[in-house]
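Note: the block below is structure-v1.txt and it holds compact mmCIF, C-alpha atoms and all ligand atoms.
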# COMPACT_ATOMS: atom_id res chain seq x y z
CA MET Y 229 4.64 -19.71 1.78
CA ASP Y 230 1.18 -20.95 2.77
CA ALA Y 231 -1.62 -18.59 3.71
CA VAL Y 232 -1.51 -17.35 7.30
CA GLU Y 233 -4.42 -18.77 9.26
CA PRO Y 234 -6.60 -16.07 10.84
CA ASP Y 235 -6.36 -15.65 14.61
CA ALA Y 236 -9.99 -15.33 15.64
CA SER Y 237 -9.20 -13.99 19.12
CA GLY Y 238 -9.09 -10.43 17.74
CA PRO Y 239 -7.35 -7.97 15.43
CA GLN Y 240 -4.49 -7.26 17.82
CA ALA Y 241 -3.62 -10.96 18.07
CA MET Y 242 -3.77 -11.24 14.28
CA HIS Y 243 -1.51 -8.20 13.94
CA GLU Y 244 1.06 -9.75 16.30
CA LYS Y 245 0.90 -13.09 14.48
CA LEU Y 246 1.50 -11.45 11.10
CA PHE Y 247 4.30 -9.30 12.51
CA LYS Y 248 6.15 -12.34 13.86
CA ILE Y 249 5.87 -14.26 10.59
CA ALA Y 250 6.88 -11.27 8.46
CA LYS Y 251 9.78 -10.40 10.76
CA ARG Y 252 11.26 -13.85 10.17
CA ILE Y 253 11.11 -13.33 6.39
CA VAL Y 254 12.81 -9.94 6.72
CA ARG Y 255 15.44 -11.34 9.09
CA ASP Y 256 16.26 -14.14 6.64
CA GLY Y 257 17.00 -11.52 3.96
CA LYS Y 258 14.07 -12.54 1.74
CA PHE Y 259 11.83 -10.11 -0.14
CA LEU Y 260 8.59 -9.73 1.82
CA PHE Y 261 5.65 -9.75 -0.59
CA ALA Y 262 2.21 -10.20 0.97
CA LEU Y 263 -1.19 -10.69 -0.63
CA GLY Y 264 -4.36 -9.64 1.19
CA GLY Y 265 -6.90 -9.98 2.49
CA GLU Y 266 -7.90 -6.63 3.66
CA HIS Y 267 -5.65 -3.61 3.99
CA SER Y 268 -5.27 -3.82 7.78
CA ILE Y 269 -2.43 -6.36 7.34
CA THR Y 270 -0.10 -3.61 6.08
CA SER Y 271 0.77 -2.05 9.44
CA ALA Y 272 2.05 -5.40 10.78
CA LEU Y 273 4.11 -5.89 7.62
CA VAL Y 274 5.56 -2.36 7.66
CA ARG Y 275 6.43 -2.86 11.32
CA ALA Y 276 8.29 -6.04 10.37
CA ALA Y 277 10.13 -4.30 7.50
CA MET Y 278 11.14 -1.52 9.91
CA THR Y 279 12.99 -3.99 12.14
CA LYS Y 280 15.62 -3.94 9.38
CA HIS Y 281 14.98 -0.62 7.57
CA ARG Y 282 14.46 1.98 10.26
CA LYS Y 283 13.91 4.91 7.92
CA LEU Y 284 11.16 3.62 5.66
CA SER Y 285 8.93 5.40 3.14
CA VAL Y 286 5.61 3.79 2.32
CA LEU Y 287 4.25 4.30 -1.18
CA GLN Y 288 0.49 3.81 -0.89
CA ILE Y 289 -1.59 3.35 -4.03
CA ASP Y 290 -5.19 3.65 -2.87
CA ALA Y 291 -8.51 5.41 -3.49
CA HIS Y 292 -8.83 6.20 0.23
CA CYS Y 293 -6.37 7.70 2.71
CA ASP Y 294 -7.02 5.06 5.41
CA LEU Y 295 -5.90 7.65 7.99
CA ARG Y 296 -8.78 7.50 10.48
CA ASN Y 297 -7.74 6.99 14.08
CA GLN Y 298 -10.58 4.50 14.64
CA TYR Y 299 -13.28 3.02 12.47
CA GLU Y 300 -16.32 1.13 13.72
CA GLY Y 301 -14.69 1.03 17.15
CA SER Y 302 -11.37 -0.46 16.06
CA PRO Y 303 -7.95 1.12 15.57
CA TYR Y 304 -7.04 -1.94 13.48
CA SER Y 305 -9.66 -1.38 10.75
CA HIS Y 306 -8.62 -1.18 7.11
CA ALA Y 307 -9.77 2.47 7.27
CA CYS Y 308 -7.06 3.18 9.90
CA VAL Y 309 -4.11 1.26 8.51
CA MET Y 310 -2.06 4.21 7.23
CA ARG Y 311 -2.63 6.04 10.52
CA ARG Y 312 -1.02 3.05 12.25
CA VAL Y 313 1.81 3.16 9.71
CA HIS Y 314 2.28 6.85 10.51
CA ASP Y 315 2.35 5.96 14.24
CA LEU Y 316 5.24 3.59 13.51
CA GLY Y 317 7.29 6.54 12.25
CA ALA Y 318 7.31 5.67 8.55
CA SER Y 319 6.71 8.45 6.04
CA ILE Y 320 3.72 8.02 3.74
CA VAL Y 321 3.28 8.96 0.08
CA PRO Y 322 -0.39 8.36 -0.90
CA VAL Y 323 -1.17 8.17 -4.62
CA GLY Y 324 -4.49 7.87 -6.45
CA ILE Y 325 -6.54 9.28 -3.58
CA ARG Y 326 -10.10 10.39 -4.37
CA ASN Y 327 -12.06 9.96 -1.15
CA VAL Y 328 -11.06 11.85 2.02
CA SER Y 329 -13.08 12.16 5.24
CA ALA Y 330 -13.17 15.42 7.25
CA GLU Y 331 -11.14 13.79 10.03
CA GLU Y 332 -8.51 12.65 7.55
CA HIS Y 333 -8.38 16.09 5.94
CA ARG Y 334 -7.71 17.72 9.33
CA PHE Y 335 -5.09 15.11 10.21
CA MET Y 336 -3.23 15.52 6.91
CA LYS Y 337 -3.18 19.29 7.40
CA LYS Y 338 -1.75 18.79 10.87
CA ILE Y 339 1.09 16.55 9.74
CA LYS Y 340 1.52 18.47 6.44
CA LEU Y 341 0.80 15.47 4.26
CA GLU Y 342 -0.50 16.23 0.77
CA PRO Y 343 -1.73 13.18 -1.10
CA ILE Y 344 -1.16 12.86 -4.83
CA THR Y 345 -4.75 12.64 -5.94
CA ALA Y 346 -6.13 10.57 -8.80
CA VAL Y 347 -7.02 13.80 -10.60
CA GLN Y 348 -3.38 14.92 -10.39
CA CYS Y 349 -2.26 11.59 -11.88
CA PHE Y 350 -4.34 12.44 -14.94
CA SER Y 351 -3.71 16.19 -15.15
CA ASP Y 352 -0.10 16.74 -13.98
CA ASP Y 353 2.71 15.57 -16.26
CA ASP Y 354 5.18 15.54 -13.37
CA TRP Y 355 3.18 13.44 -10.90
CA ILE Y 356 5.63 10.50 -10.98
CA ASP Y 357 8.59 12.86 -10.35
CA ARG Y 358 6.74 14.25 -7.37
CA VAL Y 359 6.23 10.74 -5.98
CA LEU Y 360 9.92 9.92 -6.47
CA ASN Y 361 11.02 13.18 -4.82
CA ARG Y 362 8.95 12.48 -1.75
CA LEU Y 363 10.11 8.91 -1.22
CA GLY Y 364 13.24 8.16 0.80
CA ASP Y 365 15.78 5.52 -0.23
CA ASP Y 366 14.12 2.46 1.34
CA VAL Y 367 10.57 1.97 0.14
CA TYR Y 368 7.68 -0.29 1.09
CA ILE Y 369 4.92 -0.45 -1.54
CA THR Y 370 1.33 -1.08 -0.52
CA ILE Y 371 -1.19 -1.40 -3.33
CA ASP Y 372 -4.86 -1.28 -2.44
CA ILE Y 373 -6.49 -2.65 -5.56
CA ASP Y 374 -9.15 0.08 -5.31
CA GLY Y 375 -6.44 2.56 -6.33
CA PHE Y 376 -7.14 1.25 -9.83
CA ASP Y 377 -10.24 2.39 -11.64
CA PRO Y 378 -13.13 -0.02 -10.99
CA ALA Y 379 -13.25 -0.62 -14.76
CA CYS Y 380 -9.79 -2.29 -14.42
CA ALA Y 381 -10.36 -3.90 -11.02
CA PRO Y 382 -14.06 -4.21 -10.16
CA GLY Y 383 -13.56 -6.90 -7.51
CA THR Y 384 -13.01 -4.86 -4.35
CA GLY Y 385 -15.00 -3.93 -1.26
CA THR Y 386 -15.15 -0.15 -1.66
CA PRO Y 387 -14.87 0.76 -5.37
CA GLU Y 388 -14.43 4.46 -6.20
CA PRO Y 389 -14.83 5.85 -9.72
CA GLY Y 390 -12.02 7.77 -11.36
CA GLY Y 391 -9.03 5.60 -10.49
CA LEU Y 392 -5.67 4.84 -12.08
CA ASP Y 393 -5.16 2.60 -15.08
CA TRP Y 394 -2.70 -0.23 -15.71
CA TYR Y 395 -0.05 1.88 -17.44
CA GLN Y 396 -0.09 4.61 -14.83
CA VAL Y 397 0.47 2.12 -11.99
CA THR Y 398 3.04 -0.07 -13.74
CA GLY Y 399 4.84 3.03 -15.10
CA LEU Y 400 5.11 4.38 -11.56
CA LEU Y 401 6.22 1.05 -10.07
CA ARG Y 402 8.86 0.57 -12.72
CA LEU Y 403 10.49 3.93 -11.98
CA VAL Y 404 10.22 3.53 -8.21
CA ALA Y 405 11.87 0.09 -8.41
CA ALA Y 406 14.62 1.48 -10.66
CA GLU Y 407 15.46 4.49 -8.50
CA LYS Y 408 14.74 3.30 -4.96
CA ASN Y 409 15.50 0.33 -2.76
CA VAL Y 410 12.13 -1.43 -2.66
CA VAL Y 411 12.33 -3.67 0.41
CA ALA Y 412 8.81 -5.14 0.63
CA ALA Y 413 5.34 -4.91 -0.89
CA ASP Y 414 1.76 -5.97 -0.56
CA ILE Y 415 -1.35 -6.08 -2.75
CA VAL Y 416 -4.61 -6.00 -0.82
CA GLU Y 417 -8.39 -5.67 -0.98
CA VAL Y 418 -8.99 -8.06 -3.88
CA THR Y 419 -12.54 -9.39 -3.43
CA PRO Y 420 -13.39 -11.81 -6.24
CA VAL Y 421 -16.63 -11.24 -8.13
CA PRO Y 422 -18.22 -14.66 -8.80
CA GLY Y 423 -18.00 -15.59 -12.46
CA GLN Y 424 -15.56 -12.81 -13.32
CA VAL Y 425 -11.78 -12.99 -12.88
CA VAL Y 426 -10.59 -9.58 -14.14
CA THR Y 427 -9.41 -8.35 -10.73
CA GLU Y 428 -7.57 -11.54 -9.77
CA PHE Y 429 -5.80 -11.58 -13.13
CA LEU Y 430 -4.79 -7.95 -12.78
CA ALA Y 431 -3.47 -8.56 -9.25
CA ALA Y 432 -1.54 -11.67 -10.36
CA ARG Y 433 0.01 -9.79 -13.29
CA LEU Y 434 0.90 -6.93 -11.00
CA VAL Y 435 2.75 -9.25 -8.60
CA TYR Y 436 4.72 -10.62 -11.54
CA LYS Y 437 5.51 -7.15 -12.92
CA LEU Y 438 6.59 -5.76 -9.58
CA MET Y 439 8.84 -8.74 -8.86
CA CYS Y 440 10.47 -8.23 -12.28
CA TYR Y 441 10.98 -4.51 -11.71
CA VAL Y 442 12.60 -5.18 -8.32
CA GLN Y 443 14.80 -7.95 -9.77
CA MET Y 444 15.94 -5.70 -12.64
CA ARG Y 445 17.63 -3.39 -10.16
CA GLU Y 446 19.54 -6.18 -8.41
MN MN Y 501 -6.94 1.02 1.55
Would you mind giving the structure from this file in structure tokens?
Amino acid sequence: MDAVEPDASGPQAMHEKLFKIAKRIVRDGKFLFALGGEHSITSALVRAAMTKHRKLSVLQIDAHCDLRNQYEGSPYSHACVMRRVHDLGASIVPVGIRNVSAEEHRFMKKIKLEPITAVQCFSDDDWIDRVLNRLGDDVYITIDIDGFDPACAPGTGTPEPGGLDWYQVTGLLRLVAAEKNVVAADIVEVTPVPGQVVTEFLAARLVYKLMCYVQMRE
């Protein structure tokens, strides 16, 4: 479908607008696949997916936890999106994490959430099994493009060194799609670099791959 026009009256209005549109797609039995834009769209989309799938796990591929309660005065910031997802009652499995604030560290301790860090994705042979074990049956996948190493995806707002590569991410997605019921997905935080299309190409290929992996199960 066409791009959703921004609602300039504020982030809450935009959240509600996205929720309503996404809910219709879920209600019609279609696969909800959204392209950002920034990561803050995810909580509206997860909320829409949860109108049909009440017990939802969210696989988050990201450099950052995005678990702050507020950022720059807003609870709707991209830095807070997974906190909002947690508030909705979904379980979260963060993968590729390599930047955690003190507030996020305390919060994760409190709710007993241990992210699968980028370092673990390189050093632990069983990291994909651990992801699979933690996910429930119905899964929403959110991919912040900064989960990839900036060498693979330089076009993003907050690049962090030491990220995942193409085969790690697609290998993970393939197994998740084979073993779980993937109900919706998004790819966010692509910020084109003028004169250089590496990130957009990677994101486009990733959409195609993920759609294929989901189709293969059906
Ligand atoms: Mn993010």
Q.
Which residues are close to Y:Asn327, i.e. within 10 Å by all atoms listed in the file, leaving aside same-chain residues fewer than 5 positions away? Reply as number ranges by chain.
A. Y: 290-294, 332, 345-346, 388-389
Could you write those residues out with C-alpha atoms, as an mmCIF file, in the frame of the given file?
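Final file, result-v8.cif:
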data_model
loop_
_atom_site.group_PDB
_atom_site.id
_atom_site.type_symbol
_atom_site.label_atom_id
_atom_site.label_comp_id
_atom_site.auth_asym_id
_atom_site.auth_seq_id
_atom_site.Cartn_x
_atom_site.Cartn_y
_atom_site.Cartn_z
ATOM 1 C CA ASP Y 290 -5.190 3.650 -2.870
ATOM 2 C CA ALA Y 291 -8.510 5.410 -3.490
ATOM 3 C CA HIS Y 292 -8.830 6.200 0.230
ATOM 4 C CA CYS Y 293 -6.370 7.700 2.710
ATOM 5 C CA ASP Y 294 -7.020 5.060 5.410
ATOM 6 C CA GLU Y 332 -8.510 12.650 7.550
ATOM 7 C CA THR Y 345 -4.750 12.640 -5.940
ATOM 8 C CA ALA Y 346 -6.130 10.570 -8.800
ATOM 9 C CA GLU Y 388 -14.430 4.460 -6.200
ATOM 10 C CA PRO Y 389 -14.830 5.850 -9.720
#
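The shortest atom-to-atom distance to ligand MN 501 (chain Y), with all atoms listed in the file taken into account, belongs to Y:Ile269 out of Y:Ala330, Y:Ala236, Y:Val254, Y:Ile269.
Atom CA of Y:Asp393 lies 5.8 Å from atom CA of Y:Phe376.
You will find atom CA of Y:Asn297 at 25.7 Å from atom CA of Y:Asp366.
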How would you report the residues lying within 9 Å of ligand MN 501 (chain Y), as a short mmCIF file (atom, residue, chain, number, x, y, z; two decimals) with C-alpha atoms, in the frame of the given file, if you count all atoms listed in the file?
data_model
loop_
_atom_site.label_atom_id
_atom_site.label_comp_id
_atom_site.auth_asym_id
_atom_site.auth_seq_id
_atom_site.Cartn_x
_atom_site.Cartn_y
_atom_site.Cartn_z
CA GLU Y 266 -7.90 -6.63 3.66
CA HIS Y 267 -5.65 -3.61 3.99
CA SER Y 268 -5.27 -3.82 7.78
CA GLN Y 288 0.49 3.81 -0.89
CA ILE Y 289 -1.59 3.35 -4.03
CA ASP Y 290 -5.19 3.65 -2.87
CA ALA Y 291 -8.51 5.41 -3.49
CA HIS Y 292 -8.83 6.20 0.23
CA CYS Y 293 -6.37 7.70 2.71
CA ASP Y 294 -7.02 5.06 5.41
CA HIS Y 306 -8.62 -1.18 7.11
CA ALA Y 307 -9.77 2.47 7.27
CA CYS Y 308 -7.06 3.18 9.90
CA VAL Y 309 -4.11 1.26 8.51
CA MET Y 310 -2.06 4.21 7.23
CA THR Y 370 1.33 -1.08 -0.52
CA ILE Y 371 -1.19 -1.40 -3.33
CA ASP Y 372 -4.86 -1.28 -2.44
CA ILE Y 373 -6.49 -2.65 -5.56
CA ASP Y 374 -9.15 0.08 -5.31
CA GLY Y 375 -6.44 2.56 -6.33
CA THR Y 386 -15.15 -0.15 -1.66
CA VAL Y 416 -4.61 -6.00 -0.82
CA GLU Y 417 -8.39 -5.67 -0.98
#
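Among the candidates Y:Val426, Y:Met278, Y:Ile356, Y:Val410, the one nearest to Y:Gly383 when counting all atoms listed in the file is Y:Val426.
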Quick one: residues within 7 Å of Y:Leu260, all atoms listed in the file counted, chain neighbours fewer than 6 positions away excluded, as a compact mmCIF listing (two decimals) with C-alpha atoms, keeping the file's coordinate frame?
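Now in selection.txt:
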# COMPACT_ATOMS: atom_id res chain seq x y z
CA ILE Y 253 11.11 -13.33 6.39
CA VAL Y 254 12.81 -9.94 6.72
CA ALA Y 412 8.81 -5.14 0.63
CA ALA Y 413 5.34 -4.91 -0.89
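Minimum atom-to-atom distances from Y:Gln240, Y:Gly324, Y:Val286, Y:Gly264 to Y:Val397 were compared using only C-alpha atoms, and the lowest value belongs to Y:Gly324.
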**Q.** Contacts of stretch 314-322 of chain Y within 6 Å, all atoms listed in the file, excl. fewer than 2 positions in-chain, as an MDAnalysis selection string
**A.** chainID Y and resid 284:288 311:312 343
Q) Hey, what's within 12 Å of stretch 232-235 of chain Y if we count all atoms listed in the file and toss same-chain stuff fewer than 2 positions away? As a ChimeraX atom specification, please? A) /Y:229-230,237-250,262-266,269
May I have the residues within 12 Å of Y:Arg334 as a PDB file with C-alpha atoms, in the frame of the given file, using all atoms listed in the file and disregarding those fewer than 5 positions away in the same chain?
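What follows is the written file around.pdb:
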ATOM      1  CA  LEU Y 295      -5.900   7.650   7.990  1.00  0.00           C
ATOM      2  CA  ARG Y 296      -8.780   7.500  10.480  1.00  0.00           C
ATOM      3  CA  ASN Y 297      -7.740   6.990  14.080  1.00  0.00           C
ATOM      4  CA  VAL Y 328     -11.060  11.850   2.020  1.00  0.00           C
ATOM      5  CA  SER Y 329     -13.080  12.160   5.240  1.00  0.00           C
ATOM      6  CA  ILE Y 339       1.090  16.550   9.740  1.00  0.00           C
ATOM      7  CA  LYS Y 340       1.520  18.470   6.440  1.00  0.00           C
ATOM      8  CA  LEU Y 341       0.800  15.470   4.260  1.00  0.00           C
ATOM      9  CA  GLU Y 342      -0.500  16.230   0.770  1.00  0.00           C
TER      10      GLU Y 342
END
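Taking atom CA of Y:Ala405 and atom CA of Y:Leu392 as endpoints, the distance between them is 18.5 Å.
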Q.
Could you check the closest approach to Y:Tyr368 for each of Y:Thr419, Y:Gln348, Y:Ser302, Y:Asn409 and tell me which residue wins, using only C-alpha atoms?
A. Y:Asn409
Q: Using all atoms listed in the file, give me every residue within 12 Å of (16.2, -6.0, -10.0) in file coordinates, as a PyMOL selection string.
A: chain Y and resi 259+402-411+437-446
Draw an axis-aligned box over all listed atoms of stretch 330-346 of chain Y, pad each side with 6 Å, and write its centre and edge lengths in Å, one decimal, as lines of an AutoDock Vina configuration file.
center_x = -5.8
center_y = 14.9
center_z = 1.0
size_x = 26.7
size_y = 20.7
size_z = 31.7
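Among the candidates Y:Thr427, Y:Pro420, Y:Tyr436, Y:Ile415, the one nearest to Y:Pro378 when counting only C-alpha atoms is Y:Thr427.
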Would you kindly place all heavy atoms on stretch 275-286 of chain Y and return the model as a PDB file, in the coordinates of the input?
ATOM      1  N   ARG Y 275       5.718  -2.756  10.041  1.00  0.00           N
ATOM      2  CA  ARG Y 275       6.430  -2.860  11.320  1.00  0.00           C
ATOM      3  C   ARG Y 275       7.555  -3.894  11.213  1.00  0.00           C
ATOM      4  O   ARG Y 275       8.673  -3.675  11.710  1.00  0.00           O
ATOM      5  CB  ARG Y 275       5.417  -3.266  12.404  1.00  0.00           C
ATOM      6  CG  ARG Y 275       5.916  -3.132  13.797  1.00  0.00           C
ATOM      7  CD  ARG Y 275       4.811  -3.501  14.784  1.00  0.00           C
ATOM      8  NE  ARG Y 275       5.362  -4.125  15.960  1.00  0.00           N
ATOM      9  CZ  ARG Y 275       4.731  -5.050  16.686  1.00  0.00           C
ATOM     10  NH1 ARG Y 275       3.520  -5.449  16.360  1.00  0.00           N
ATOM     11  NH2 ARG Y 275       5.304  -5.565  17.751  1.00  0.00           N
ATOM     12  N   ALA Y 276       7.263  -5.007  10.550  1.00  0.00           N
ATOM     13  CA  ALA Y 276       8.290  -6.040  10.370  1.00  0.00           C
ATOM     14  C   ALA Y 276       9.431  -5.523   9.485  1.00  0.00           C
ATOM     15  O   ALA Y 276      10.609  -5.716   9.786  1.00  0.00           O
ATOM     16  CB  ALA Y 276       7.671  -7.294   9.752  1.00  0.00           C
ATOM     17  N   ALA Y 277       9.096  -4.840   8.407  1.00  0.00           N
ATOM     18  CA  ALA Y 277      10.130  -4.300   7.500  1.00  0.00           C
ATOM     19  C   ALA Y 277      11.001  -3.282   8.244  1.00  0.00           C
ATOM     20  O   ALA Y 277      12.208  -3.172   7.984  1.00  0.00           O
ATOM     21  CB  ALA Y 277       9.480  -3.664   6.275  1.00  0.00           C
ATOM     22  N   MET Y 278      10.394  -2.548   9.184  1.00  0.00           N
ATOM     23  CA  MET Y 278      11.140  -1.520   9.910  1.00  0.00           C
ATOM     24  C   MET Y 278      12.107  -2.098  10.942  1.00  0.00           C
ATOM     25  O   MET Y 278      12.970  -1.373  11.438  1.00  0.00           O
ATOM     26  CB  MET Y 278      10.183  -0.524  10.573  1.00  0.00           C
ATOM     27  CG  MET Y 278       9.523   0.402   9.557  1.00  0.00           C
ATOM     28  SD  MET Y 278       8.394   1.593  10.306  1.00  0.00           S
ATOM     29  CE  MET Y 278       9.552   2.868  10.842  1.00  0.00           C
ATOM     30  N   THR Y 279      11.991  -3.391  11.247  1.00  0.00           N
ATOM     31  CA  THR Y 279      12.990  -3.990  12.140  1.00  0.00           C
ATOM     32  C   THR Y 279      14.358  -4.017  11.454  1.00  0.00           C
ATOM     33  O   THR Y 279      15.390  -4.078  12.102  1.00  0.00           O
ATOM     34  CB  THR Y 279      12.594  -5.432  12.562  1.00  0.00           C
ATOM     35  OG1 THR Y 279      12.465  -6.242  11.383  1.00  0.00           O
ATOM     36  CG2 THR Y 279      11.305  -5.452  13.347  1.00  0.00           C
ATOM     37  N   LYS Y 280      14.354  -3.958  10.124  1.00  0.00           N
ATOM     38  CA  LYS Y 280      15.620  -3.940   9.380  1.00  0.00           C
ATOM     39  C   LYS Y 280      15.883  -2.562   8.757  1.00  0.00           C
ATOM     40  O   LYS Y 280      17.024  -2.106   8.710  1.00  0.00           O
ATOM     41  CB  LYS Y 280      15.559  -4.992   8.282  1.00  0.00           C
ATOM     42  CG  LYS Y 280      16.882  -5.234   7.602  1.00  0.00           C
ATOM     43  CD  LYS Y 280      16.808  -6.497   6.766  1.00  0.00           C
ATOM     44  CE  LYS Y 280      18.087  -6.742   6.006  1.00  0.00           C
ATOM     45  NZ  LYS Y 280      17.932  -7.927   5.141  1.00  0.00           N
ATOM     46  N   HIS Y 281      14.842  -1.918   8.256  1.00  0.00           N
ATOM     47  CA  HIS Y 281      14.980  -0.620   7.570  1.00  0.00           C
ATOM     48  C   HIS Y 281      14.279   0.446   8.410  1.00  0.00           C
ATOM     49  O   HIS Y 281      13.074   0.658   8.293  1.00  0.00           O
ATOM     50  CB  HIS Y 281      14.350  -0.704   6.171  1.00  0.00           C
ATOM     51  CG  HIS Y 281      14.860  -1.858   5.372  1.00  0.00           C
ATOM     52  ND1 HIS Y 281      16.066  -1.819   4.696  1.00  0.00           N
ATOM     53  CD2 HIS Y 281      14.370  -3.103   5.166  1.00  0.00           C
ATOM     54  CE1 HIS Y 281      16.266  -2.983   4.107  1.00  0.00           C
ATOM     55  NE2 HIS Y 281      15.257  -3.771   4.370  1.00  0.00           N
ATOM     56  N   ARG Y 282      15.061   1.093   9.265  1.00  0.00           N
ATOM     57  CA  ARG Y 282      14.460   1.980  10.260  1.00  0.00           C
ATOM     58  C   ARG Y 282      13.831   3.219   9.636  1.00  0.00           C
ATOM     59  O   ARG Y 282      12.852   3.757  10.138  1.00  0.00           O
ATOM     60  CB  ARG Y 282      15.505   2.408  11.303  1.00  0.00           C
ATOM     61  CG  ARG Y 282      16.182   1.247  11.962  1.00  0.00           C
ATOM     62  CD  ARG Y 282      16.107   1.316  13.499  1.00  0.00           C
ATOM     63  NE  ARG Y 282      16.413   0.016  14.064  1.00  0.00           N
ATOM     64  CZ  ARG Y 282      15.510  -0.776  14.643  1.00  0.00           C
ATOM     65  NH1 ARG Y 282      14.260  -0.402  14.740  1.00  0.00           N
ATOM     66  NH2 ARG Y 282      15.866  -1.941  15.121  1.00  0.00           N
ATOM     67  N   LYS Y 283      14.438   3.698   8.548  1.00  0.00           N
ATOM     68  CA  LYS Y 283      13.910   4.910   7.920  1.00  0.00           C
ATOM     69  C   LYS Y 283      13.194   4.488   6.639  1.00  0.00           C
ATOM     70  O   LYS Y 283      13.790   4.367   5.585  1.00  0.00           O
ATOM     71  CB  LYS Y 283      15.076   5.859   7.587  1.00  0.00           C
ATOM     72  CG  LYS Y 283      14.715   7.301   7.776  1.00  0.00           C
ATOM     73  CD  LYS Y 283      15.916   8.219   7.760  1.00  0.00           C
ATOM     74  CE  LYS Y 283      15.457   9.647   7.504  1.00  0.00           C
ATOM     75  NZ  LYS Y 283      15.433  10.015   6.095  1.00  0.00           N
ATOM     76  N   LEU Y 284      11.907   4.227   6.765  1.00  0.00           N
ATOM     77  CA  LEU Y 284      11.160   3.620   5.660  1.00  0.00           C
ATOM     78  C   LEU Y 284      10.107   4.589   5.127  1.00  0.00           C
ATOM     79  O   LEU Y 284       9.405   5.247   5.891  1.00  0.00           O
ATOM     80  CB  LEU Y 284      10.491   2.346   6.177  1.00  0.00           C
ATOM     81  CG  LEU Y 284       9.959   1.355   5.149  1.00  0.00           C
ATOM     82  CD1 LEU Y 284      11.061   0.829   4.236  1.00  0.00           C
ATOM     83  CD2 LEU Y 284       9.276   0.178   5.856  1.00  0.00           C
ATOM     84  N   SER Y 285      10.029   4.674   3.795  1.00  0.00           N
ATOM     85  CA  SER Y 285       8.930   5.400   3.140  1.00  0.00           C
ATOM     86  C   SER Y 285       7.921   4.374   2.653  1.00  0.00           C
ATOM     87  O   SER Y 285       8.316   3.326   2.132  1.00  0.00           O
ATOM     88  CB  SER Y 285       9.422   6.166   1.914  1.00  0.00           C
ATOM     89  OG  SER Y 285      10.233   7.226   2.276  1.00  0.00           O
ATOM     90  N   VAL Y 286       6.651   4.692   2.789  1.00  0.00           N
ATOM     91  CA  VAL Y 286       5.610   3.790   2.320  1.00  0.00           C
ATOM     92  C   VAL Y 286       4.862   4.443   1.164  1.00  0.00           C
ATOM     93  O   VAL Y 286       4.211   5.475   1.334  1.00  0.00           O
ATOM     94  CB  VAL Y 286       4.637   3.408   3.456  1.00  0.00           C
ATOM     95  CG1 VAL Y 286       3.545   2.478   2.927  1.00  0.00           C
ATOM     96  CG2 VAL Y 286       5.393   2.745   4.598  1.00  0.00           C
TER      97      VAL Y 286
END
